[in-house]
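J.: For reference, the file data.pdb (PDB, C-alpha atoms) is included below:
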ATOM      1  CA  MET A 744      26.213  -6.964  91.625
ATOM      2  CA  ARG A 745      26.176  -3.698  93.562
ATOM      3  CA  ASN A 746      27.702  -0.464  92.331
ATOM      4  CA  LYS A 747      30.993   0.555  93.842
ATOM      5  CA  LYS A 748      31.175   3.270  96.449
ATOM      6  CA  ALA A 749      33.980   5.750  97.089
ATOM      7  CA  ALA A 750      34.419   7.823 100.235
ATOM      8  CA  VAL A 751      36.129  11.212 100.329
ATOM      9  CA  GLY A 752      37.845  12.063 103.590
ATOM     10  CA  SER A 753      36.661  15.663 103.607
ATOM     11  CA  LYS A 754      33.544  17.812 103.646
ATOM     12  CA  ASN A 755      35.355  20.483 101.596
ATOM     13  CA  ARG A 756      33.208  21.091  98.510
ATOM     14  CA  ALA A 757      36.131  21.518  96.098
ATOM     15  CA  LYS A 758      37.615  18.173  97.159
ATOM     16  CA  VAL A 759      34.301  16.303  97.090
ATOM     17  CA  HIS A 760      33.345  17.777  93.708
ATOM     18  CA  ALA A 761      36.750  16.846  92.282
ATOM     19  CA  VAL A 762      36.135  13.195  93.151
ATOM     20  CA  GLN A 763      32.525  13.323  91.919
ATOM     21  CA  ASP A 764      33.579  14.821  88.585
ATOM     22  CA  VAL A 765      36.103  12.065  87.966
ATOM     23  CA  LEU A 766      33.919   9.150  89.092
ATOM     24  CA  ILE A 767      30.560  10.219  87.639
ATOM     25  CA  GLN A 768      31.257   8.439  84.350
ATOM     26  CA  GLU A 769      32.177   5.297  86.277
ATOM     27  CA  HIS A 770      28.754   5.180  88.000
ATOM     28  CA  ILE A 771      30.450   5.053  91.385
ATOM     29  CA  GLU A 772      28.559   6.504  94.336
ATOM     30  CA  VAL A 773      30.564   9.134  96.208
ATOM     31  CA  VAL A 774      30.054   9.890  99.885
ATOM     32  CA  SER A 775      31.951  12.397 101.991
ATOM     33  CA  VAL A 776      32.968  12.106 105.607
ATOM     34  CA  ALA A 777      35.029  14.334 107.838
ATOM     35  CA  ALA A 778      38.372  12.562 108.212
ATOM     36  CA  LEU A 779      41.312  14.005 110.079
ATOM     37  CA  SER A 780      44.541  14.683 108.249
ATOM     38  CA  GLN A 781      46.512  14.190 111.477
ATOM     39  CA  VAL A 782      49.035  16.765 110.257
ATOM     40  CA  ALA A 783      49.371  20.485 110.894
ATOM     41  CA  ALA A 784      46.536  22.753 109.742
ATOM     42  CA  GLN A 785      49.094  24.169 107.303
ATOM     43  CA  PRO A 786      51.227  21.297 106.004
ATOM     44  CA  PHE A 787      54.721  22.630 105.329
ATOM     45  CA  SER A 788      56.356  19.980 103.143
ATOM     46  CA  ASP A 789      55.533  17.424 100.500
ATOM     47  CA  ASP A 790      55.982  14.666 103.086
ATOM     48  CA  GLU A 791      53.520  16.246 105.513
ATOM     49  CA  THR A 792      51.004  17.073 102.769
ATOM     50  CA  LYS A 793      51.186  13.516 101.386
ATOM     51  CA  GLU A 794      50.803  12.106 104.897
ATOM     52  CA  GLY A 795      47.660  14.196 105.375
ATOM     53  CA  ALA A 796      46.179  12.858 102.133
ATOM     54  CA  VAL A 797      46.966   9.242 103.085
ATOM     55  CA  ASN A 798      45.469   9.707 106.558
ATOM     56  CA  ARG A 799      42.292  11.203 105.085
ATOM     57  CA  ALA A 800      41.966   8.344 102.561
ATOM     58  CA  ARG A 801      42.359   5.686 105.239
ATOM     59  CA  GLY A 802      40.074   7.600 107.609
ATOM     60  CA  ALA A 803      37.361   7.815 104.948
ATOM     61  CA  LEU A 804      37.619   4.084 104.337
ATOM     62  CA  ASP A 805      37.482   3.283 108.065
ATOM     63  CA  ALA A 806      34.416   5.504 108.603
ATOM     64  CA  THR A 807      32.333   4.027 105.771
ATOM     65  CA  GLU A 808      31.490   0.836 103.945
ATOM     66  CA  ALA A 809      33.023   2.234 100.753
ATOM     67  CA  ASP A 810      35.155   0.135  98.434
ATOM     68  CA  PHE A 811      37.918   2.737  98.462
ATOM     69  CA  GLY A 812      38.697   6.038 100.097
ATOM     70  CA  PHE A 813      40.163   9.247  98.746
ATOM     71  CA  GLY A 814      42.232  11.733 100.670
ATOM     72  CA  LEU A 815      43.180  15.112  99.249
ATOM     73  CA  GLU A 816      45.464  17.597 100.951
ATOM     74  CA  GLY A 817      46.845  20.978 100.019
ATOM     75  CA  GLY A 818      50.028  22.379 101.485
ATOM     76  CA  VAL A 819      53.206  24.252 100.785
ATOM     77  CA  SER A 820      56.707  22.983 100.140
ATOM     78  CA  GLU A 821      60.044  24.736  99.880
ATOM     79  CA  TRP A 822      62.267  24.043  96.914
ATOM     80  CA  GLN A 823      65.503  25.864  96.126
ATOM     81  CA  GLY A 824      64.637  28.688  98.508
ATOM     82  CA  THR A 825      61.134  29.302  97.123
ATOM     83  CA  LEU A 826      57.901  28.304  98.828
ATOM     84  CA  TYR A 827      55.498  26.508  96.492
ATOM     85  CA  LEU A 828      51.832  25.642  96.707
ATOM     86  CA  CYS A 829      51.508  21.844  96.490
ATOM     87  CA  ASN A 830      48.800  19.217  96.694
ATOM     88  CA  TRP A 831      48.657  15.466  97.159
ATOM     89  CA  GLY A 832      46.048  12.778  96.720
ATOM     90  CA  ALA A 833      45.720   9.214  97.966
ATOM     91  CA  LEU A 834      43.381   6.322  97.229
ATOM     92  CA  ALA A 835      43.217   3.520  99.816
ATOM     93  CA  THR A 836      41.482   0.187  99.205
ATOM     94  CA  ARG A 837      39.949  -2.404 101.504
ATOM     95  CA  SER A 838      42.719  -4.844 100.537
ATOM     96  CA  GLY A 839      45.380  -2.434 101.804
ATOM     97  CA  GLN A 840      46.538  -1.033  98.468
ATOM     98  CA  LEU A 841      47.542   2.631  98.437
ATOM     99  CA  TYR A 842      47.887   4.824  95.349
ATOM    100  CA  THR A 843      49.276   8.339  95.662
ATOM    101  CA  ALA A 844      49.980  11.262  93.359
ATOM    102  CA  ALA A 845      51.269  14.807  93.638
ATOM    103  CA  GLY A 846      49.778  17.657  91.699
ATOM    104  CA  LEU A 847      50.430  21.165  90.600
ATOM    105  CA  ARG A 848      53.304  23.275  91.950
ATOM    106  CA  LEU A 849      53.076  27.068  91.930
ATOM    107  CA  PRO A 850      55.544  29.488  93.514
ATOM    108  CA  LEU A 851      54.049  31.718  96.183
ATOM    109  CA  PRO A 852      54.756  35.455  96.148
ATOM    110  CA  THR A 853      57.334  36.408  98.760
ATOM    111  CA  ASP A 854      54.873  38.486 100.801
ATOM    112  CA  ILE A 855      52.510  35.513 101.152
ATOM    113  CA  ALA A 856      55.406  33.131 101.852
ATOM    114  CA  ALA A 857      56.655  35.450 104.616
ATOM    115  CA  LEU A 858      53.251  35.312 106.305
ATOM    116  CA  LEU A 859      53.328  31.515 106.155
ATOM    117  CA  TYR A 860      56.793  31.423 107.699
ATOM    118  CA  ASP A 861      55.352  33.668 110.443
ATOM    119  CA  GLY A 862      52.779  30.954 111.212
ATOM    120  CA  LEU A 863      49.657  31.934 109.260
ATOM    121  CA  GLU A 864      47.679  29.349 107.318
ATOM    122  CA  LEU A 865      47.620  29.910 103.559
ATOM    123  CA  SER A 866      43.992  31.075 103.392
ATOM    124  CA  LYS A 867      44.582  33.674 106.118
ATOM    125  CA  ALA A 868      47.869  34.782 104.552
ATOM    126  CA  LEU A 869      46.169  35.203 101.182
ATOM    127  CA  LYS A 870      43.346  37.292 102.679
ATOM    128  CA  GLN A 871      45.852  39.471 104.516
ATOM    129  CA  ALA A 872      48.215  39.944 101.565
ATOM    130  CA  VAL A 873      45.524  40.623  98.942
ATOM    131  CA  PRO A 874      42.415  41.814 100.826
ATOM    132  CA  HIS A 875      40.906  43.410  97.709
ATOM    133  CA  VAL A 876      40.846  40.124  95.757
ATOM    134  CA  ASP A 877      38.140  37.451  95.882
ATOM    135  CA  VAL A 878      40.034  34.435  97.156
ATOM    136  CA  SER A 879      37.080  32.032  97.076
ATOM    137  CA  GLN A 880      39.006  29.744  94.702
ATOM    138  CA  GLY A 881      41.940  29.664  97.069
ATOM    139  CA  ALA A 882      45.560  30.325  96.351
ATOM    140  CA  VAL A 883      45.503  28.413  93.065
ATOM    141  CA  GLY A 884      42.706  30.627  91.752
ATOM    142  CA  TYR A 885      44.562  33.756  92.755
ATOM    143  CA  LEU A 886      47.945  32.571  91.459
ATOM    144  CA  THR A 887      46.513  31.568  88.069
ATOM    145  CA  ASN A 888      44.274  34.631  87.744
ATOM    146  CA  GLY A 889      41.211  32.394  87.880
ATOM    147  CA  LEU A 890      42.290  29.959  85.169
ATOM    148  CA  LEU A 891      42.492  27.097  87.668
ATOM    149  CA  THR A 892      40.270  26.377  90.651
ATOM    150  CA  ARG A 893      40.764  24.267  93.743
ATOM    151  CA  LYS A 894      38.442  21.683  92.193
ATOM    152  CA  THR A 895      40.412  21.445  88.931
ATOM    153  CA  MET A 896      43.690  21.300  90.857
ATOM    154  CA  PHE A 897      42.441  18.386  92.961
ATOM    155  CA  SER A 898      40.764  16.665  89.984
ATOM    156  CA  GLU A 899      44.156  15.927  88.455
ATOM    157  CA  VAL A 900      45.451  14.033  91.493
ATOM    158  CA  VAL A 901      42.118  12.195  91.767
ATOM    159  CA  ARG A 902      42.519  11.105  88.125
ATOM    160  CA  ALA A 903      46.111  10.025  88.746
ATOM    161  CA  CYS A 904      45.227   7.978  91.840
ATOM    162  CA  TYR A 905      42.130   6.444  90.274
ATOM    163  CA  GLY A 906      44.047   5.678  87.064
ATOM    164  CA  GLN A 907      46.670   3.757  89.047
ATOM    165  CA  TYR A 908      43.900   1.865  90.840
ATOM    166  CA  ARG A 909      42.186   1.015  87.530
ATOM    167  CA  LEU A 910      45.462  -0.153  85.994
ATOM    168  CA  ALA A 911      46.117  -2.461  88.936
ATOM    169  CA  THR A 912      42.564  -3.856  89.081
ATOM    170  CA  ASP A 913      42.271  -4.241  85.292
ATOM    171  CA  LYS A 914      45.442  -6.348  85.307
ATOM    172  CA  LEU A 915      43.757  -8.721  87.760
ATOM    173  CA  HIS A 916      40.889  -9.414  85.373
TER
END
Go through the file and emit its structure as C-alpha cells.
T.:
Amino acid sequence: MRNKKAAVGSKNRAKVHAVQDVLIQEHIEVVSVAALSQVAAQPFSDDETKEGAVNRARGALDATEADFGFGLEGGVSEWQGTLYLCNWGALATRSGQLYTAAGLRLPLPTDIAALLYDGLELSKALKQAVPHVDVSQGAVGYLTNGLLTRKTMFSEVVRACYGQYRLATDKLH
C-alpha cells in the first residue's frame, strides 16, 4: 500500500510549511504546485478569500496525482465597520469532498485599512504604513508583535480541514 500524497496549491513557503508541519506525523508526502486562486490579488471578503482557498485546493488536486489538495488564502474582511485580517483553508479530495475552515481574525489599524480601501494589497500597505518594521512574517506577525507567524496562522486552518477529513474517513472504516 502506497503512502498518501497531499498537494498544496501554492509555492508560498509559509503555506507549504504549514501543511508539512501538520502532515509530517501522518507520513504523508507533501508536494507544492502553483495553483491560481482565481480571485483578486487582495481578497476583500470572507466569501472571496474562501473561494480563493477552494480554487487553490481543487487546482492543486487537478495538477497532481495527490490524494487530496490543500488551498490556503489570506484576505481581509469588513465587520461592523472595521477591516480585519482573515484567512481560509480548504481540503479537496478525489471523490469530490470539500472541507473548509476559517482562521484567525485581527483588526487592521485604520491607516493600513485606508491604504487597502485605496487599492493597495496588504503587503504593500504594510510596507508603506510601517516602513521601519520587518514585515517578513506578514501582517499577522506585525499585528501580534511577532507572537504569531504566517505559518502558524495557516497551520490552524490546515489542522481544522485535515481533522474534518480524518473524521469523515475514519467513520468509513
J.: Residues within 12 Å of A:Asn888, please, as an MDAnalysis selection string. Count only C-alpha atoms; anything in the same chain fewer than 4 positions from it doesn't count.
T.: chainID A and resid 876:878 880:884 892
J.: Run the PyMOL selection byres ((chain A and resi 852) around 12) on the file and write out the hits as JSON, numbers by chain.
T.: {"A": [825, 826, 827, 828, 849, 850, 851, 853, 854, 855, 856, 857, 858, 859, 865, 868, 869, 872, 873, 882, 885, 886]}
J.: Ranking A:Ala750, A:Ala903, A:Ala844, A:Val819 by minimum distance to A:Ser775 and counting all atoms listed in the file, which one comes first?
T.: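 With all atoms listed in the file as the atom set, the closest residue is A:Ala750.
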J.: Sort by chain and increasing residue number a table of all residues of stretch 810-907 of chain A within 12 Å of stretch 776-780 of chain A, each with its closest pair of atoms and their distance in Å to one decimal, counting all atoms listed in the file, and write it as CSV.
T.:
residue,atom,partner,partner_atom,distance
A:Gly812,CA,A:Val776,CA,10.0
A:Phe813,CA,A:Ala778,CA,10.2
A:Gly814,CA,A:Ser780,CA,8.5
A:Leu815,CA,A:Ser780,CA,9.1
A:Glu816,CA,A:Ser780,CA,7.9
A:Gly817,CA,A:Ser780,CA,10.6
A:Gly818,CA,A:Ser780,CA,11.6
A:Trp831,CA,A:Ser780,CA,11.9
A:Gly832,CA,A:Ser780,CA,11.8
A:Ala833,CA,A:Ser780,CA,11.7
J.: Applied to this file, what does the PyMOL selection byres ((chain A and resi 772) around 9) return in terms of residues, put as a list of chain:residue names?
T.: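 Those residues are A:Asn746, A:Lys747, A:Lys748, A:Ala749, A:Ala750, A:Gln763, A:Leu766, A:Ile767, A:Glu769, A:His770, A:Ile771, A:Val773, A:Val774, A:Ala809.
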J.: Could you save those same residues with C-alpha atoms as a PDB file, in the coordinates of the input?
T.:
ATOM      1  CA  ASN A 746      27.702  -0.464  92.331  1.00  0.00           C
ATOM      2  CA  LYS A 747      30.993   0.555  93.842  1.00  0.00           C
ATOM      3  CA  LYS A 748      31.175   3.270  96.449  1.00  0.00           C
ATOM      4  CA  ALA A 749      33.980   5.750  97.089  1.00  0.00           C
ATOM      5  CA  ALA A 750      34.419   7.823 100.235  1.00  0.00           C
ATOM      6  CA  GLN A 763      32.525  13.323  91.919  1.00  0.00           C
ATOM      7  CA  LEU A 766      33.919   9.150  89.092  1.00  0.00           C
ATOM      8  CA  ILE A 767      30.560  10.219  87.639  1.00  0.00           C
ATOM      9  CA  GLU A 769      32.177   5.297  86.277  1.00  0.00           C
ATOM     10  CA  HIS A 770      28.754   5.180  88.000  1.00  0.00           C
ATOM     11  CA  ILE A 771      30.450   5.053  91.385  1.00  0.00           C
ATOM     12  CA  VAL A 773      30.564   9.134  96.208  1.00  0.00           C
ATOM     13  CA  VAL A 774      30.054   9.890  99.885  1.00  0.00           C
ATOM     14  CA  ALA A 809      33.023   2.234 100.753  1.00  0.00           C
TER      15      ALA A 809
END
J.: At a cut-off of 8 Å, using all atoms listed in the file, what residues contact A:Phe897? Leave out same-chain residues fewer than 2 positions from it and give the result as a ChimeraX atom specification.
T.: /A:757-758,761,815,830,832,846,893-895,899-901
J.: Suppose a student applies the PyMOL selection byres ((chain A and resi 842) around 7) to this structure; what residues should they get, written as a list in words?
T.: Ala833, Leu834, Ala835, Gln840, Leu841, Thr843, Cys904, Gln907 and Tyr908 of chain A
J.: For A:Ala803, which residue out of A:Arg837, A:Arg756, A:Arg902, A:Lys914 is the nearest one, using all atoms listed in the file?
T.: A:Arg837
J.: Determine, counting all atoms listed in the file, every residue of protein, DNA or RNA that lies within 6 Å of (56.2, 23.6, 102.7) in the file coordinates, then give the result as an mmCIF file with C-alpha atoms, in the frame of the given file.
T.:
data_model
loop_
_atom_site.group_PDB
_atom_site.id
_atom_site.type_symbol
_atom_site.label_atom_id
_atom_site.label_comp_id
_atom_site.auth_asym_id
_atom_site.auth_seq_id
_atom_site.Cartn_x
_atom_site.Cartn_y
_atom_site.Cartn_z
ATOM 1 C CA PHE A 787 54.721 22.630 105.329
ATOM 2 C CA SER A 788 56.356 19.980 103.143
ATOM 3 C CA VAL A 819 53.206 24.252 100.785
ATOM 4 C CA SER A 820 56.707 22.983 100.140
ATOM 5 C CA GLU A 821 60.044 24.736 99.880
#
J.: As AutoDock Vina command-line options, what would the box around stretch 782-796 of chain A look like: edges along x, y and z, 4 Å added on every side, centre and edge lengths in Å to one decimal?
T.:
--center_x 51.3 --center_y 18.1 --center_z 105.7 --size_x 18.2 --size_y 20.1 --size_z 18.4
J.: Between atom CA of A:Ala784 and atom CA of A:Thr836, what is the spacing in Å?
T.: 25.4 Å
J.: Please, what distance in Å, to one decimal, runs between atom CA of A:Glu791 and atom CA of A:Lys870?
T.: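 Between these atoms lies a distance of 23.5 Å.
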J.: May I ask for the distance between atom CA of A:Gln781 and atom CA of A:Glu794, given in Å to one decimal place?
T.: 8.1 Å
J.: Between A:Gly752, A:Gly906, A:Pro874, A:Gly889, which residue has the minimum interatomic distance to A:Asp805, considering all atoms listed in the file?
T.: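 Counting all atoms listed in the file, the residue closest to A:Asp805 is A:Gly752.
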